[in-house]
Amino acid sequence: MIIIMERNASDIQIQKVIDFLKNNDFEIRFNQGQVHTVIDAIGDKTTVTPGRISAFDGVKEVKVIREPFRLASRDRKPDDTVIEFSNGVKIGGGNKPVSMVGPCSIEDDYEGLLKVASAAKEAGCEFLRGGAFKPRTSPYDFQGYGEKALKFMRKAADETGLLTVSEVMDASDLDMMCDYIDVLQIGARNVQNFKLLHAVGKCNKPVILKRGLASTIREFLLAAEHIMYNGNPNVILCERGIRSFDSAFTRNVMDIASIPVIKKYSHLPVIVDPSHGTGQRYLIEPMAKAGLIVGADGIMIEVHHDPENALSDGKQSLPIPMFKDVMTRINRLNENIHYEKNCLSANIG
Ligand code: PEP
Ligand code: MN
């Protein structure tokens with residue numbers, strides 16, 4: 001790390017910082033400029049964090065050269081993480097992008113869910129996704145059917161040959177959920193619920209971690225680091241839009257650039273969720289395509305057999321006929337992306 005001292009830092013203050021670092025086995029290079037003194041310190045930052053150094057009087061700024069997310073970092077693991085399921089489906093590493101689709105909430109209507117699951121399978125999707133525990137802004141809104149919903153989802157997924165994804169809100173539900181679920185989802189509102197992150201870190205199921213409403217990319221990757229640090233390397237990051245000042249036309253601002261940025265700095269797979277990212281049915285297709293074009297490893301889309309009567313997020317759900325058309329075009333796009341990638345690697349040699 002690089003420590004920049006205040007222009008009027010005293011010799012005693014500078015020496016105190018140097019002594020502290022040396023006592024903690026840091027190698028020091030010292031530059032006394034005309035205005036600022038700069039200390040270049042190389043050593044183990046697990047005990048001496050930048051935060052501790054910045055607490056010393058006379059320290060103006062501490063700059064970290066290596067990113068603080070170590071396990072999630074591409075410096076540490078240059079090759080993409082690929083998550084493989086027992087049925088052969090793979091996420092990441094340039095494999096065919098996956099599609100995770102289904103209603104926002106699993107409702108008390110098995111036939112309706114089965115219609116969605118059958119359409120999903122027919123369209124080449126790999127995952128049935130739906131909520132059993134819903135993180136709703138208002139306590140008066142539908143909160144999810146819990147285990148009953150998971151049972152429905154497992155049954156519909158088994159009948160059609162799909163894998164399942166559902167959100168966990170409480171660590172005490174994990175054991176029960178793991179009986180029904182192939183991939184656990186941590187929702188945007190829980191991205192910094194560290195106890196929950198630690199709990200899914202101890203599970204042997206892959207985890208989709210959604211970007212928080214106001215997470216920076218670094219915070220997002222550090223949240224993934226919490227899961228990985230606790231033993232679970234199978235984390236899939238999901239860009240689902242962030243809050244901004246303009247919500248007149250879209251629910252969130254989908255940060256498309258975050259996908260190639262994350263891929264540059266991390267080896268973890270990244271998917272996009274244009275339903276929550278935009279809140280608008282008509283924007284699902286263009287934004288899913290945009291995400292795939294910039295390198296997303298998959299899409300998450302809300303689909304409902306009767307969106308006008310959905311218990312949550314009907315406005316950002318595709319009805320089944322529209323979903324089928326959208327998937328035809330998305331599948332075609334994926335083939336073209338695959339073709340372009342092959343041409344590119346052939347040209348590069
Ligand atoms: C969801 O996926 O249904 C959901 C509530 O999403 P988010 O956490 O991104 O708001
Ligand atoms: Mn939803």
# chains A, B, ... in the order shown; residues from 1 in each chain; ligands from 1

call {"tool": "residues_around", "arguments": {"residues": "Leu184 of chain A", "least_positions_apart": "2", "cutoff": "6 Å", "atoms": "only C-alpha atoms", "output": "PyMOL selection string"}}
result
chain A and resi 165-167+207

call {"tool": "residues_near_ligand", "arguments": {"ligand": "ligand 1", "cutoff": "7 Å", "atoms": "only C-alpha atoms and all ligand atoms", "output": "MDAnalysis selection string"}}
result
chainID A and resid 104 131 134:135 187:189 210 240 276

call {"tool": "residues_near_ligand", "arguments": {"ligand": "ligand 2", "cutoff": "10 Å", "atoms": "only C-alpha atoms and all ligand atoms", "output": "list in words"}}
result
Gly102, Pro103, Cys104, Ser105, Gly130, Gly131, Lys134, Pro135, Arg136, Gly187, Asp273, Ser275, His276, Gly279, Ile301, Glu302, Val303, Leu311, Ser312, Asp313, Gly314, Lys315, Gln316 and Ser317 of chain A

call {"tool": "select_by_dssp", "arguments": {"residues": "segment 37-248 of chain A", "states": "alpha helix (DSSP H)", "output": "PyMOL selection string"}}
result
chain A and resi 50-54+110-122+147-160+174-178+194-201+217-229

call {"tool": "select_by_dssp", "arguments": {"residues": "segment 8-249 of chain A", "states": "strand (DSSP E or B)", "output": "PyMOL selection string"}}
result
chain A and resi 27-32+37-42+59-63+73+83-84+90-91+98-102+105+127-129+131+163-167+183-186+207-210+235-239+242

call {"tool": "residues_around", "arguments": {"residues": "segment 221-229 of chain A", "least_positions_apart": "2", "cutoff": "8 Å", "atoms": "only C-alpha atoms", "output": "list of chain:residue names"}}
result
A:Pro68, A:Phe69, A:Arg70, A:Leu71, A:Ala72, A:Val191, A:Gln192, A:Phe194, A:Leu197, A:His198, A:Ala199, A:Val200, A:Gly201, A:Lys202, A:Leu209, A:Ile217, A:Arg218, A:Glu219, A:Gly231, A:Asn232, A:Pro233, A:Asn234, A:Val235, A:Leu237

call {"tool": "residues_around", "arguments": {"residues": "Ala120 of chain A", "least_positions_apart": "5", "cutoff": "9 Å", "atoms": "only C-alpha atoms", "output": "number ranges by chain"}}
result
A: 99-102, 115, 125-128, 160, 162, 320, 323-324, 327

call {"tool": "residues_around", "arguments": {"residues": "Leu213 of chain A", "least_positions_apart": "2", "cutoff": "6 Å", "atoms": "only C-alpha atoms", "output": "PyMOL selection string"}}
result
chain A and resi 215+242-243

call {"tool": "residues_around", "arguments": {"residues": "Ser266 of chain A", "least_positions_apart": "6", "cutoff": "8 Å", "atoms": "only C-alpha atoms", "output": "PyMOL selection string"}}
result
chain A and resi 72-75

call {"tool": "residues_around", "arguments": {"residues": "segment 44-53 of chain A", "least_positions_apart": "6", "cutoff": "12 Å", "atoms": "only C-alpha atoms", "output": "count of residues only"}}
result
31

call {"tool": "atom_distance", "arguments": {"atom1": "atom CA of Met300 of chain A", "atom2": "atom CA of Arg332 of chain A"}}
result
17.2 Å

call {"tool": "closest_residue", "arguments": {"among": "A:Ser118, A:Gln185, A:Asn342, A:Ser247", "to": "His305 of chain A", "atoms": "only C-alpha atoms"}}
result
A:Ser118
